[in-house]
Structures are given as structure tokens and as C-alpha cells.
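S.K.: start-v7.txt (compact mmCIF, C-alpha atoms) pasted underneath:
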```
# COMPACT_ATOMS: atom_id res chain seq x y z
CA MET O 1 0.00 0.00 0.00
CA THR O 2 1.14 3.49 -0.80
CA ARG O 3 0.78 5.64 2.29
CA PRO O 4 1.17 9.37 2.85
CA SER O 5 4.18 10.92 4.49
CA ALA O 6 2.11 13.97 5.42
CA ALA O 7 -1.49 14.76 4.65
CA PRO O 8 -4.49 16.85 5.67
CA ALA O 9 -7.72 15.22 6.70
CA PRO O 10 -10.24 14.60 3.93
CA ALA O 11 -13.39 16.63 3.80
CA ALA O 12 -16.21 15.24 5.93
CA GLY O 13 -18.27 12.61 4.18
CA ARG O 14 -15.86 12.28 1.23
CA PRO O 15 -13.58 9.22 1.35
CA ILE O 16 -10.16 9.76 -0.15
CA SER O 17 -7.42 7.30 -0.99
CA ARG O 18 -3.99 7.35 0.63
CA ARG O 19 -2.41 7.79 -2.79
CA THR O 20 -4.47 10.93 -3.36
CA LEU O 21 -3.48 12.20 0.06
CA LEU O 22 0.15 11.67 -0.83
CA ARG O 23 -0.08 13.46 -4.16
CA ARG O 24 -1.78 16.47 -2.64
CA THR O 25 0.47 16.94 0.33
CA ALA O 26 4.11 15.96 -0.30
CA ALA O 27 5.17 19.53 0.33
CA LEU O 28 3.81 19.44 3.88
CA ALA O 29 6.59 17.05 4.88
CA ALA O 30 8.97 20.02 5.06
CA ALA O 31 6.74 22.01 7.42
CA PRO O 32 8.36 22.91 10.77
CA TRP O 33 5.84 20.98 12.84
CA MET O 34 6.80 17.80 10.99
CA ALA O 35 10.33 17.81 12.39
CA ALA O 36 9.57 15.10 14.95
CA CYS O 37 7.97 12.66 12.54
CA ASP O 38 10.90 10.27 12.05
CA SER O 39 10.00 8.04 14.98
CA PRO O 40 7.00 7.63 17.27
CA ALA O 41 6.95 9.26 20.67
CA GLN O 42 4.46 6.76 22.05
CA ALA O 43 5.55 3.15 22.60
CA PRO O 44 3.71 0.00 23.67
CA ALA O 45 4.43 -2.06 26.75
CA ALA O 46 7.66 -4.05 26.85
CA ALA O 47 7.71 -7.14 24.67
CA GLY O 48 9.64 -9.39 27.07
CA PRO O 49 13.06 -10.89 26.32
CA ALA O 50 14.63 -9.42 23.19
CA ARG O 51 14.04 -11.52 20.08
CA LEU O 52 15.43 -9.04 17.53
CA ALA O 53 18.85 -7.39 17.56
CA LEU O 54 19.75 -4.76 14.97
CA LEU O 55 22.87 -5.69 12.99
CA GLY O 56 22.88 -2.75 10.59
CA GLU O 57 20.95 -0.69 8.09
CA ALA O 58 21.46 0.76 4.64
CA ARG O 59 19.64 3.08 2.27
CA TRP O 60 19.31 3.51 -1.46
CA PRO O 61 19.23 6.99 -3.00
CA HIS O 62 15.87 8.40 -3.96
CA ALA O 63 14.81 7.74 -7.59
CA LEU O 64 17.77 5.45 -8.19
CA PRO O 65 17.90 4.64 -11.94
CA PHE O 66 18.41 1.02 -12.98
CA GLY O 67 17.69 -0.91 -16.16
CA GLY O 68 15.61 1.88 -17.64
CA THR O 69 13.41 2.08 -14.53
CA THR O 70 13.13 4.24 -11.43
CA VAL O 71 13.80 2.19 -8.31
CA GLY O 72 11.33 2.71 -5.48
CA GLY O 73 8.18 1.39 -3.87
CA ARG O 74 9.79 -1.62 -2.16
CA SER O 75 6.71 -3.57 -1.08
CA GLY O 76 7.84 -7.21 -1.00
CA ALA O 77 11.06 -9.15 -0.57
CA ASP O 78 12.38 -12.70 -0.44
CA PHE O 79 15.74 -14.46 -0.52
CA ASP O 80 16.77 -17.12 -3.04
CA ALA O 81 19.22 -19.42 -1.27
CA ARG O 82 20.05 -21.09 -4.58
CA THR O 83 21.37 -17.92 -6.23
CA GLY O 84 22.20 -15.89 -3.12
CA GLU O 85 20.02 -13.03 -4.39
CA TYR O 86 17.25 -11.02 -2.82
CA LEU O 87 14.07 -10.53 -4.84
CA LEU O 88 12.53 -7.08 -4.34
CA LEU O 89 9.03 -6.24 -5.55
CA SER O 90 8.00 -2.72 -6.56
CA ASP O 91 4.45 -1.52 -5.96
CA ASP O 92 4.57 0.75 -9.00
CA ARG O 93 1.25 0.31 -10.80
CA ALA O 94 2.96 0.66 -14.18
CA ASP O 95 3.07 4.45 -13.79
CA ARG O 96 6.89 4.82 -13.79
CA GLY O 97 7.80 1.62 -15.58
CA PRO O 98 6.52 -1.92 -15.99
CA VAL O 99 5.11 -3.89 -13.09
CA ARG O 100 8.36 -5.47 -11.92
CA PHE O 101 10.67 -7.01 -9.39
CA TYR O 102 14.40 -6.57 -8.97
CA THR O 103 17.19 -8.89 -7.90
CA ALA O 104 20.04 -7.76 -5.68
CA GLU O 105 23.13 -9.17 -4.00
CA TRP O 106 24.23 -8.19 -0.52
CA PRO O 107 27.48 -9.82 0.58
CA ASP O 108 28.22 -9.44 4.27
CA GLN O 109 31.11 -7.08 3.59
CA ALA O 110 29.08 -4.77 1.31
CA PRO O 111 27.59 -1.58 2.78
CA ALA O 112 24.29 -1.90 0.86
CA PRO O 113 22.53 -4.26 -1.56
CA ARG O 114 23.70 -4.11 -5.18
CA LEU O 115 21.09 -4.39 -7.93
CA THR O 116 21.72 -7.15 -10.47
CA ASP O 117 18.58 -7.30 -12.65
CA VAL O 118 15.05 -6.02 -13.20
CA VAL O 119 12.30 -8.38 -14.39
CA PRO O 120 8.95 -7.13 -15.75
CA LEU O 121 5.93 -9.14 -14.62
CA GLN O 122 3.49 -10.01 -17.41
CA GLN O 123 -0.25 -10.46 -17.55
CA ALA O 124 -1.98 -13.28 -19.42
CA GLY O 125 -0.79 -13.53 -23.02
CA GLY O 126 2.67 -12.21 -22.23
CA THR O 127 1.74 -8.53 -22.43
CA PRO O 128 2.70 -5.85 -19.88
CA TRP O 129 0.24 -4.88 -17.17
CA PRO O 130 -1.45 -1.56 -18.01
CA ASN O 131 -1.73 1.41 -15.72
CA ARG O 132 -5.03 3.09 -14.94
CA ARG O 133 -4.69 5.61 -17.74
CA ARG O 134 -4.32 2.88 -20.36
CA ALA O 135 -6.35 0.00 -18.94
CA PRO O 136 -9.43 -0.79 -21.05
CA PRO O 137 -12.68 -1.57 -19.21
CA GLY O 138 -12.59 -5.09 -17.85
CA VAL O 139 -8.79 -5.25 -17.67
CA PRO O 140 -7.31 -5.20 -14.15
CA VAL O 141 -4.46 -2.97 -13.01
CA ALA O 142 -1.86 -4.69 -10.84
CA ASP O 143 -0.97 -3.14 -7.47
CA PRO O 144 1.85 -5.47 -6.33
CA GLU O 145 2.32 -5.68 -2.58
CA ALA O 146 3.99 -8.95 -1.54
CA LEU O 147 6.26 -11.57 -3.08
CA ARG O 148 7.48 -15.02 -2.10
CA LEU O 149 9.69 -17.54 -3.82
CA ARG O 150 7.74 -20.78 -3.87
CA PRO O 151 9.80 -23.53 -2.26
CA GLY O 152 10.47 -26.48 -4.53
CA THR O 153 9.35 -24.92 -7.82
CA GLY O 154 11.50 -21.82 -8.24
CA THR O 155 8.39 -19.86 -9.24
CA LEU O 156 7.17 -16.62 -7.70
CA LEU O 157 3.98 -16.00 -5.80
CA TRP O 158 2.91 -12.37 -5.66
CA SER O 159 -0.16 -10.57 -4.43
CA THR O 160 -1.93 -7.44 -5.57
CA GLU O 161 -4.38 -5.25 -3.71
CA GLY O 162 -6.38 -5.00 -6.90
CA ASP O 163 -8.28 -1.97 -8.11
CA VAL O 164 -11.48 -1.93 -6.10
CA ALA O 165 -12.60 1.39 -7.54
CA ARG O 166 -12.64 -0.23 -11.00
CA GLY O 167 -14.24 -3.45 -9.78
CA PHE O 168 -11.18 -5.68 -9.27
CA GLY O 169 -10.46 -7.24 -5.89
CA PRO O 170 -7.17 -8.41 -4.41
CA ALA O 171 -5.55 -11.36 -6.17
CA LEU O 172 -2.78 -13.94 -5.91
CA TYR O 173 -0.65 -14.83 -8.94
CA GLU O 174 2.12 -17.28 -9.72
CA SER O 175 4.81 -16.27 -12.23
CA ALA O 176 7.96 -17.79 -13.66
CA ARG O 177 11.28 -16.19 -12.75
CA ASP O 178 11.35 -14.56 -16.18
CA GLY O 179 8.05 -12.78 -15.40
CA ARG O 180 5.66 -14.99 -17.41
CA LEU O 181 2.28 -15.36 -15.72
CA LEU O 182 1.57 -19.00 -14.92
CA ARG O 183 -1.77 -18.78 -13.11
CA GLU O 184 -4.17 -16.73 -11.03
CA PHE O 185 -5.62 -18.43 -7.96
CA ALA O 186 -9.36 -18.73 -7.43
CA LEU O 187 -10.27 -16.95 -4.20
CA PRO O 188 -13.43 -16.81 -2.06
CA ALA O 189 -16.24 -14.54 -3.22
CA MET O 190 -15.85 -12.38 -0.09
CA PHE O 191 -12.84 -10.71 -1.76
CA ARG O 192 -14.82 -9.49 -4.77
CA PRO O 193 -15.70 -5.79 -4.74
CA ASP O 194 -19.31 -4.82 -4.18
CA PRO O 195 -20.48 -1.99 -6.47
CA SER O 196 -22.64 -0.65 -3.62
CA GLY O 197 -19.64 -0.50 -1.27
CA GLY O 198 -21.61 -2.28 1.44
CA ARG O 199 -19.31 -5.28 1.69
CA GLY O 200 -16.10 -6.75 0.34
CA PRO O 201 -12.58 -5.30 0.30
CA ARG O 202 -11.80 -1.64 0.71
CA ASP O 203 -9.66 0.07 -1.88
CA ASN O 204 -5.97 -0.10 -0.92
CA GLU O 205 -6.66 -2.44 2.03
CA GLY O 206 -6.15 -5.79 0.29
CA PHE O 207 -3.50 -8.54 0.31
CA GLU O 208 -0.62 -6.59 1.81
CA GLY O 209 1.09 -9.62 3.34
CA LEU O 210 2.05 -13.00 1.86
CA ALA O 211 3.71 -15.91 3.68
CA THR O 212 4.56 -19.43 2.56
CA THR O 213 4.99 -22.49 4.76
CA PRO O 214 8.48 -24.03 4.76
CA ASP O 215 7.27 -27.17 2.99
CA GLY O 216 5.93 -25.08 0.11
CA ARG O 217 2.41 -26.52 0.37
CA PHE O 218 0.52 -23.45 1.55
CA ALA O 219 0.49 -19.69 1.25
CA TRP O 220 -1.13 -17.29 3.69
CA LEU O 221 -2.67 -14.09 2.31
CA ALA O 222 -2.93 -11.30 4.88
CA MET O 223 -5.42 -8.48 4.43
CA GLU O 224 -4.20 -5.05 5.49
CA GLY O 225 -7.62 -4.00 6.74
CA ALA O 226 -11.02 -5.45 7.53
CA LEU O 227 -13.59 -6.27 4.89
CA VAL O 228 -16.39 -3.70 4.94
CA GLN O 229 -18.87 -6.14 6.51
CA ASP O 230 -16.38 -7.16 9.21
CA GLY O 231 -16.00 -3.73 10.80
CA PRO O 232 -14.30 -0.34 10.52
CA LEU O 233 -10.62 0.44 10.10
CA PRO O 234 -8.61 1.22 13.26
CA THR O 235 -8.73 4.66 14.84
CA VAL O 236 -6.73 6.12 17.70
CA ASP O 237 -9.52 5.03 20.05
CA ASP O 238 -10.53 1.65 18.64
CA ALA O 239 -8.90 -1.39 17.03
CA GLY O 240 -11.61 -1.69 14.41
CA GLY O 241 -12.58 -4.89 12.63
CA PRO O 242 -10.47 -8.02 12.13
CA CYS O 243 -8.28 -8.70 9.11
CA ARG O 244 -8.77 -12.05 7.38
CA PHE O 245 -5.71 -14.25 6.84
CA THR O 246 -6.46 -16.92 4.25
CA ARG O 247 -4.52 -20.14 3.74
CA VAL O 248 -4.30 -21.32 0.12
CA ASP O 249 -3.44 -24.88 -0.92
CA LEU O 250 -0.93 -24.20 -3.68
CA ALA O 251 -1.27 -27.59 -5.37
CA GLY O 252 -5.06 -27.48 -5.43
CA GLY O 253 -5.20 -23.74 -6.02
CA ARG O 254 -7.96 -23.02 -3.51
CA ALA O 255 -8.48 -21.50 -0.08
CA VAL O 256 -8.68 -24.17 2.64
CA ARG O 257 -8.68 -22.21 5.90
CA GLN O 258 -8.91 -18.69 7.26
CA ILE O 259 -8.29 -16.96 10.57
CA ALA O 260 -9.02 -13.49 11.94
CA TYR O 261 -6.33 -11.10 13.16
CA VAL O 262 -7.15 -7.88 15.01
CA PRO O 263 -4.68 -4.99 14.51
CA ASP O 264 -4.07 -2.48 17.29
CA ALA O 265 -5.81 0.85 17.55
CA VAL O 266 -3.64 3.54 15.94
CA PRO O 267 -0.83 3.95 18.51
CA LEU O 268 -0.02 7.58 17.62
CA ARG O 269 -2.33 10.56 17.86
CA PRO O 270 -1.90 13.08 15.04
CA ALA O 271 -0.12 16.32 15.90
CA VAL O 272 -3.20 18.17 14.71
CA PRO O 273 -6.34 16.66 16.31
CA ASP O 274 -8.81 14.87 14.04
CA THR O 275 -6.42 14.66 11.09
CA TYR O 276 -5.17 11.55 9.32
CA ALA O 277 -3.92 8.44 11.15
CA ASP O 278 -4.06 4.74 10.35
CA ASN O 279 -2.81 1.29 11.30
CA GLY O 280 -2.87 -2.03 9.48
CA VAL O 281 -1.01 -5.19 8.54
CA SER O 282 1.86 -4.54 6.14
CA GLU O 283 3.57 -7.96 5.97
CA ALA O 284 3.47 -11.57 7.17
CA LEU O 285 6.27 -14.13 7.35
CA MET O 286 6.25 -17.75 8.54
CA ILE O 287 8.65 -18.70 11.34
CA ASP O 288 7.83 -22.37 10.86
CA ALA O 289 4.87 -24.45 9.71
CA ARG O 290 2.48 -22.94 12.24
CA ARG O 291 3.93 -19.70 13.65
CA MET O 292 3.77 -16.41 11.79
CA LEU O 293 5.32 -12.97 12.18
CA VAL O 294 2.86 -10.13 11.52
CA LEU O 295 4.08 -6.56 10.99
CA GLU O 296 1.70 -3.75 11.90
CA ARG O 297 2.56 -0.37 10.41
CA ALA O 298 0.89 2.80 11.64
CA TRP O 299 1.21 6.43 10.59
CA ALA O 300 -0.16 9.65 12.04
CA LEU O 301 0.04 13.16 10.62
CA GLY O 302 2.87 15.08 12.26
CA ARG O 303 3.97 12.06 14.33
CA GLY O 304 5.34 9.67 11.75
CA ASN O 305 5.45 5.89 11.71
CA SER O 306 5.06 3.15 14.27
CA LEU O 307 6.16 -0.42 13.49
CA ARG O 308 5.28 -3.35 15.73
CA LEU O 309 6.13 -6.97 15.07
CA TYR O 310 3.82 -9.64 16.50
CA GLU O 311 3.91 -13.42 16.60
CA ILE O 312 0.83 -15.60 16.22
CA ASP O 313 0.12 -19.32 16.08
CA THR O 314 -2.02 -19.89 13.00
CA ARG O 315 -3.68 -22.87 14.70
CA ALA O 316 -4.99 -20.74 17.55
CA GLY O 317 -7.68 -18.79 15.68
CA SER O 318 -10.96 -20.39 14.68
CA ASP O 319 -11.67 -21.07 11.00
CA THR O 320 -13.58 -18.12 9.52
CA LEU O 321 -13.62 -19.22 5.88
CA ALA O 322 -17.33 -20.08 5.89
CA LEU O 323 -18.38 -16.93 7.77
CA ASP O 324 -19.89 -14.22 5.58
CA THR O 325 -19.52 -11.59 8.31
CA LEU O 326 -17.25 -11.58 11.34
CA ARG O 327 -19.05 -10.50 14.50
CA PRO O 328 -18.10 -10.68 18.17
CA GLY O 329 -18.95 -14.14 19.40
CA ASN O 330 -19.01 -15.99 16.06
CA HIS O 331 -15.24 -16.51 15.80
CA ARG O 332 -12.05 -16.55 17.87
CA PRO O 333 -9.30 -14.24 16.57
CA ALA O 334 -5.74 -15.51 16.68
CA PRO O 335 -4.07 -14.31 19.91
CA LYS O 336 -0.96 -12.24 19.27
CA ARG O 337 2.20 -11.58 21.24
CA LEU O 338 4.36 -8.50 20.80
CA LEU O 339 7.81 -9.55 19.65
CA ALA O 340 9.36 -6.13 18.99
CA ASP O 341 8.57 -2.44 18.80
CA PHE O 342 10.85 -1.07 16.07
CA ALA O 343 11.11 2.26 17.90
CA ARG O 344 13.24 0.47 20.50
CA LEU O 345 15.59 -1.36 18.14
CA GLY O 346 18.04 1.46 17.46
CA LEU O 347 17.08 2.34 13.88
CA ALA O 348 18.10 5.79 12.68
CA ARG O 349 14.58 6.33 11.36
CA LEU O 350 11.24 4.57 11.11
CA ASP O 351 9.58 4.68 7.71
CA ASN O 352 6.97 2.85 5.69
CA THR O 353 8.24 -0.72 6.14
CA GLU O 354 6.31 -3.17 3.96
CA ALA O 355 8.62 -6.15 3.36
CA LEU O 356 10.09 -8.86 5.58
CA CYS O 357 12.11 -11.92 4.60
CA TRP O 358 14.61 -14.36 5.98
CA GLY O 359 18.14 -14.00 4.66
CA PRO O 360 21.09 -16.40 4.83
CA PRO O 361 21.78 -17.73 8.33
CA LEU O 362 24.21 -15.84 10.53
CA PRO O 363 27.56 -17.41 11.51
CA ASP O 364 26.33 -17.96 15.09
CA GLY O 365 23.29 -19.92 13.87
CA ARG O 366 20.67 -17.23 14.43
CA ARG O 367 18.32 -16.32 11.61
CA ARG O 368 18.86 -13.16 9.59
CA LEU O 369 15.72 -11.04 9.18
CA LEU O 370 15.58 -8.29 6.56
CA ALA O 371 13.03 -5.46 6.76
CA VAL O 372 12.63 -3.11 3.78
CA SER O 373 10.71 0.17 3.58
CA ASP O 374 8.61 1.52 0.71
CA ASP O 375 9.49 5.13 -0.09
CA ASN O 376 6.30 5.65 -2.14
CA PHE O 377 8.58 7.26 -4.77
CA ASN O 378 8.44 10.26 -2.44
CA PRO O 379 11.64 12.31 -1.85
CA THR O 380 10.66 12.89 1.79
CA GLN O 381 10.76 9.13 2.50
CA ILE O 382 13.51 6.52 2.31
CA THR O 383 14.27 3.06 0.95
CA GLN O 384 15.69 1.48 4.08
CA PHE O 385 17.18 -2.00 4.50
CA ALA O 386 17.37 -3.07 8.14
CA VAL O 387 19.04 -6.35 9.11
CA PHE O 388 18.26 -8.09 12.39
CA ALA O 389 19.39 -11.21 14.20
CA PHE O 390 16.30 -13.21 15.15
CA THR O 391 16.41 -15.41 18.22
CA ASP O 392 13.85 -18.17 18.40
CA PRO O 393 13.60 -19.65 21.89
CA PRO O 394 13.28 -23.43 22.22
CA SER O 395 9.72 -24.73 22.00
CA PRO O 396 8.18 -25.52 25.39
```
Can you present the structure in this file as C-alpha cells?

M.R.:
Amino acid sequence: MTRPSAAPAPAAGRPISRRTLLRRTAALAAAPWMAACDSPAQAPAAAGPARLALLGEARWPHALPFGGTTVGGRSGADFDARTGEYLLLSDDRADRGPVRFYTAEWPDQAPAPRLTDVVPLQQAGGTPWPNRRRAPPGVPVADPEALRLRPGTGTLLWSTEGDVARGFGPALYESARDGRLLREFALPAMFRPDPSGGRGPRDNEGFEGLATTPDGRFAWLAMEGALVQDGPLPTVDDAGGPCRFTRVDLAGGRAVRQIAYVPDAVPLRPAVPDTYADNGVSEALMIDARRMLVLERAWALGRGNSLRLYEIDTRAGSDTLALDTLRPGNHRPAPKRLLADFARLGLARLDNTEALCWGPPLPDGRRRLLAVSDDNFNPTQITQFAVFAFTDPPSP
């Protein structure tokens, strides 16, 4: 999801997209009262014994040119142990170049990742995905948000938030490494947009997170926000409705289970009361076959970003796949445990982090976790690569 770095509140009664907010208000990021927006001043309760330790961070320059494209919008990442490369998805909706992912190398001695290739992703028939200006009626526009290398096949799974305003819901695709589209997965009807707006996905609140199980059998699709019928989006005073996490059987190509996850209320109050603030799920990553990391990313006008990493057991929530509407009492959300508040990890700055992946193991045996931010192609934001050592305590 593209999110604003600074934005005024929309007019009462007139919904407005985050992308529109960003376009209208990039200049506000330089205002004096924005000076404290790099990291949140409000922090949650302690998360217990430290599970993440910062090893280092790097940045790419804004609007870095590569392969005839403008680099930016880092929304998904994964590591290919076979080639030693990171795969980095851009959430450009074909406005600044083709829908695409990049590959990059990052040897331990290098100060930052080094780009090695850019690969356009194709739609059916081998043609490029169109942008909104060029898309004929009935043709979807891709809004890429998450990417995973499918274990055992070498293919890529990637999700899009869709284009709800034009009638296209979030989707899951599988592509070859050269960008050829191999298939689109059939998903439950609940993810189809409703022309009346009374149910279904909200625009820009779709499949923001994507996680695959280590055996390569299943993928989990994580909604950023609640379906309309499941409740409101979070506010500073209320957590809002639950997000649906859907498990897809990759061999059969169908959804087989679903759980509910409830994001926090927005942890930061805007500097100007009653102006823009949000919170939602920005990424998911499997620890093992059952446990999942869930990244919640919040933003408030004049306060900046908050990033909280939670752990859930995907077996702990009740199956919601057959429920048309999630109401209190008809399901059991997955309990969550705070693993880390990024404001306490020593980062130079918190930004719009949207990608998590495991990297090569560390020499001491701990797992390497990479977190990457999406700069929204905005000069006031950054493309940040943060590397952590992840400690997984022994199972009880």
C-alpha cells in the first residue's frame, strides 16, 4: 500500500485514498511541525526478552535509476538461497515503468545491496500490465504488494491489492522467474468488490502480506484492513474490525482455511487533532509451519510511523472461511504476542516498512531477518534496509 508521508484530513463525508493524500500533500513534509515525525513518541508495553537485535541498516538513493526504470516502492522481498540473491518487488502500478521485481546481492562485507537485474511481470498472453490511464474496461491494473519464492518450484507467488474502484479485488498470482504469468488463484467470493460498497474489500486495504509455509504446500494471504462487513478500520480510540488471513493450498489452487487477526488501535495521535492516522497489517512471514510474524505499520500526521512486530500461532484462531460476516462471538481471533517495537531497536529512522524476509543464516546460527521500507517514490521518505538477528527460543 502506498501511504502518505504527510497529509491533511479529507473533507467530511468524502472518502479519499492514501495515494491521493500523498499526491496532494508531499510539500507538507517540510513544514516545521513535521520535524519530529521520524519516529513515534508513544511506545507499547515491553515485549519481554529481546528476540530481535539490529545488525545494521542501509539506504538507497531516492529515484535510483536502474535498467531503464526508477527504483522505489519496495513492497515485497524474499531471498533465493540457490542464487544468493534477494528478490525485491516494486508496488509501482505501471506508472513509472513496468510492473516489476528486482534482484540484488548483498554480501556481508558490502555496505548496501547491489542491484543485479530487473524483471517485468506479465499479464496473461505475455503482455505488460497496463496502468489506470491505459487500462481498457474489464482489464485489471496490478498493485503489487507482496512476493514469495515458492519452495520447490522456483516460481514466484505475488499478491496485488487490486483496483477496487474499478471493480477488481485483491488477487494472488504465480509467475515464472522470467516474469511470465503462470496462473491466477481462485479466491473466495468475499474478496470481490461490491459496487454498492456495502461489503467486500476496501480500496488499498487488500493482500498486503504474503507468507509461505516451509514445505511449500501453503500460502497465507494477509489483508491489510477489515472487509467492509467485518468492521471499521482502526482509529486512535478503537482497534476496528479483524483482518482475514487466508490459507491457500498451492497444489489445489484453492483456499482451505482462514483466521481473523485484530490490529491495534492507531498507537499515535496526530499532531493536529482529528487529522489523518491509520494502522494495518503490512507484511506476514512464517517462522515455521504454524507460527507467523505479523508486521503492523501505523502512521499519524505530524507524528510519523510506528512499526510493531507480532507473533501468532495460525492454529490458535478459529476457521472463519465459511463466515460471511465476522461479529463478536461468532469466531475466535488468533491471539498475538508483541515480539518487537521497532522504535526500540536502534534504527536511525522509522519509515513505511512493507517487506520482511529471511536471509542467509548468521555465523552464530541465528536467523537473519531483513526489513525493507517503501518510499512511495516520495523524496521525503527513504528506501531502508534493516538487518536483524532473530532469536527463536526453544519450544516448550

S.K.: Got a sec: who's within 8 Å of O:Ala340, counting only C-alpha atoms, leaving out chain neighbours fewer than 3 positions off, as a list in words?

M.R.: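 The neighbour list is Ala47, Ala50, Arg51, Leu52, Arg308, Leu309, Tyr310, Arg344 and Leu345 of chain O.
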
S.K.: Which residues come within 12 Å of O:Arg82, counting only C-alpha atoms, excluding same-chain residues fewer than 4 positions away, as an mmCIF file with C-alpha atoms, in the frame of the given file?

M.R.:
```
data_model
loop_
_atom_site.group_PDB
_atom_site.id
_atom_site.type_symbol
_atom_site.label_atom_id
_atom_site.label_comp_id
_atom_site.auth_asym_id
_atom_site.auth_seq_id
_atom_site.Cartn_x
_atom_site.Cartn_y
_atom_site.Cartn_z
ATOM 1 C CA TYR O 86 17.250 -11.020 -2.820
ATOM 2 C CA LEU O 149 9.690 -17.540 -3.820
ATOM 3 C CA PRO O 151 9.800 -23.530 -2.260
ATOM 4 C CA GLY O 152 10.470 -26.480 -4.530
ATOM 5 C CA THR O 153 9.350 -24.920 -7.820
ATOM 6 C CA GLY O 154 11.500 -21.820 -8.240
ATOM 7 C CA GLY O 359 18.140 -14.000 4.660
ATOM 8 C CA PRO O 360 21.090 -16.400 4.830
#
```

S.K.: Just the residues within 6 Å of stretch 289-301 of chain O, please, counting all atoms listed in the file, with nothing from its chain fewer than 5 positions along; format it as a ChimeraX atom specification.

M.R.: /O:6,213,268,270,276-284,306-314

S.K.: Can I get the residues of stretch 125-181 of chain O within 12 Å of stretch 186-207 of chain O, each with the closest pair of atoms and their distance in Å to one decimal, using only C-alpha atoms, sorted chain first then ascending number, as a Markdown table?

M.R.:
```
| residue | atom | partner | partner_atom | distance |
| --- | --- | --- | --- | --- |
| O:Ala142 | CA | O:Asn204 | CA | 11.7 |
| O:Asp143 | CA | O:Asn204 | CA | 8.8 |
| O:Pro144 | CA | O:Phe207 | CA | 9.1 |
| O:Glu145 | CA | O:Phe207 | CA | 7.1 |
| O:Ala146 | CA | O:Phe207 | CA | 7.7 |
| O:Leu147 | CA | O:Phe207 | CA | 10.8 |
| O:Trp158 | CA | O:Phe207 | CA | 9.6 |
| O:Ser159 | CA | O:Phe207 | CA | 6.1 |
| O:Thr160 | CA | O:Phe207 | CA | 6.2 |
| O:Glu161 | CA | O:Gly206 | CA | 4.4 |
| O:Gly162 | CA | O:Gly206 | CA | 7.2 |
| O:Asp163 | CA | O:Asp203 | CA | 6.7 |
| O:Val164 | CA | O:Asp203 | CA | 5.0 |
| O:Ala165 | CA | O:Asp203 | CA | 6.5 |
| O:Arg166 | CA | O:Pro193 | CA | 8.9 |
| O:Gly167 | CA | O:Pro193 | CA | 5.7 |
| O:Phe168 | CA | O:Pro193 | CA | 6.4 |
| O:Gly169 | CA | O:Arg192 | CA | 5.0 |
| O:Pro170 | CA | O:Gly206 | CA | 5.5 |
| O:Ala171 | CA | O:Phe207 | CA | 7.4 |
| O:Leu172 | CA | O:Leu187 | CA | 8.3 |
| O:Tyr173 | CA | O:Ala186 | CA | 9.7 |
| O:Glu174 | CA | O:Ala186 | CA | 11.8 |
```

S.K.: Compare O:Asp364, O:Phe377, O:Gly138, O:Leu233 by their minimum atom-to-atom distance to O:Arg93, counting only C-alpha atoms, and give me the closest one.

M.R.: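 Distance minimum relative to O:Arg93 lands on O:Phe377.
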
S.K.: Report, in Å with one decimal, the straight-line distance from atom CA of O:Arg337 to atom CA of O:Arg74.

M.R.: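 The value is 26.5 Å.
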
S.K.: Find the spatial neighbours of O:Cys243, counting all atoms listed in the file, within a cut-off of 9 Å - ignore same-chain residues fewer than 6 positions away - and output them as a list in words.

M.R.: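 The contact residues come out as Ala222, Met223, Glu224, Gly225, Ala226, Leu227, Asp230, Ile259, Ala260, Tyr261, Val262, Pro263, Gly280 and Val281 of chain O.
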
S.K.: Tell me which of O:Cys357, O:Asp375, O:Arg366, O:Asp392 sits closest to O:Phe79, counting all atoms listed in the file.

M.R.: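 That would be O:Cys357, the residue with the smallest distance to O:Phe79.
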
S.K.: Suppose you want the space between atom CA of O:Arg257 and atom CA of O:Ala316; what is it in Å?

M.R.: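 Atom-to-atom, atom CA of O:Arg257 to atom CA of O:Ala316, that is 12.3 Å.
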
S.K.: Find, counting all atoms listed in the file, the residue in O:Thr246, O:Gln109, O:Asn376, O:Thr353 that gets nearest to O:Phe218.

M.R.: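 For O:Phe218, the nearest of the candidates is O:Thr246.
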
S.K.: Record the distance separating atom CA of O:Leu221 and atom CA of O:Leu55, expressed in Å with one decimal.

M.R.: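 One can read the atom CA of O:Leu221 to atom CA of O:Leu55 distance as 28.9 Å.
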
S.K.: So which residues touch O:Leu323 within 10 Å, counting all atoms listed in the file, skipping near sequence neighbours fewer than 5 positions away, as a PyMOL selection string?

M.R.: chain O and resi 190+258+330-331

S.K.: Compute the distance from (10.9, -5.9, -8.7) to each atom, counting only C-alpha atoms, keep the residues with any atom at most 8 Å away, and return them as a list of chain:residue names; use the coordinates of the file.

M.R.: O:Arg74, O:Leu87, O:Leu88, O:Leu89, O:Ser90, O:Val99, O:Arg100, O:Phe101, O:Tyr102, O:Thr103, O:Val118, O:Val119, O:Pro120
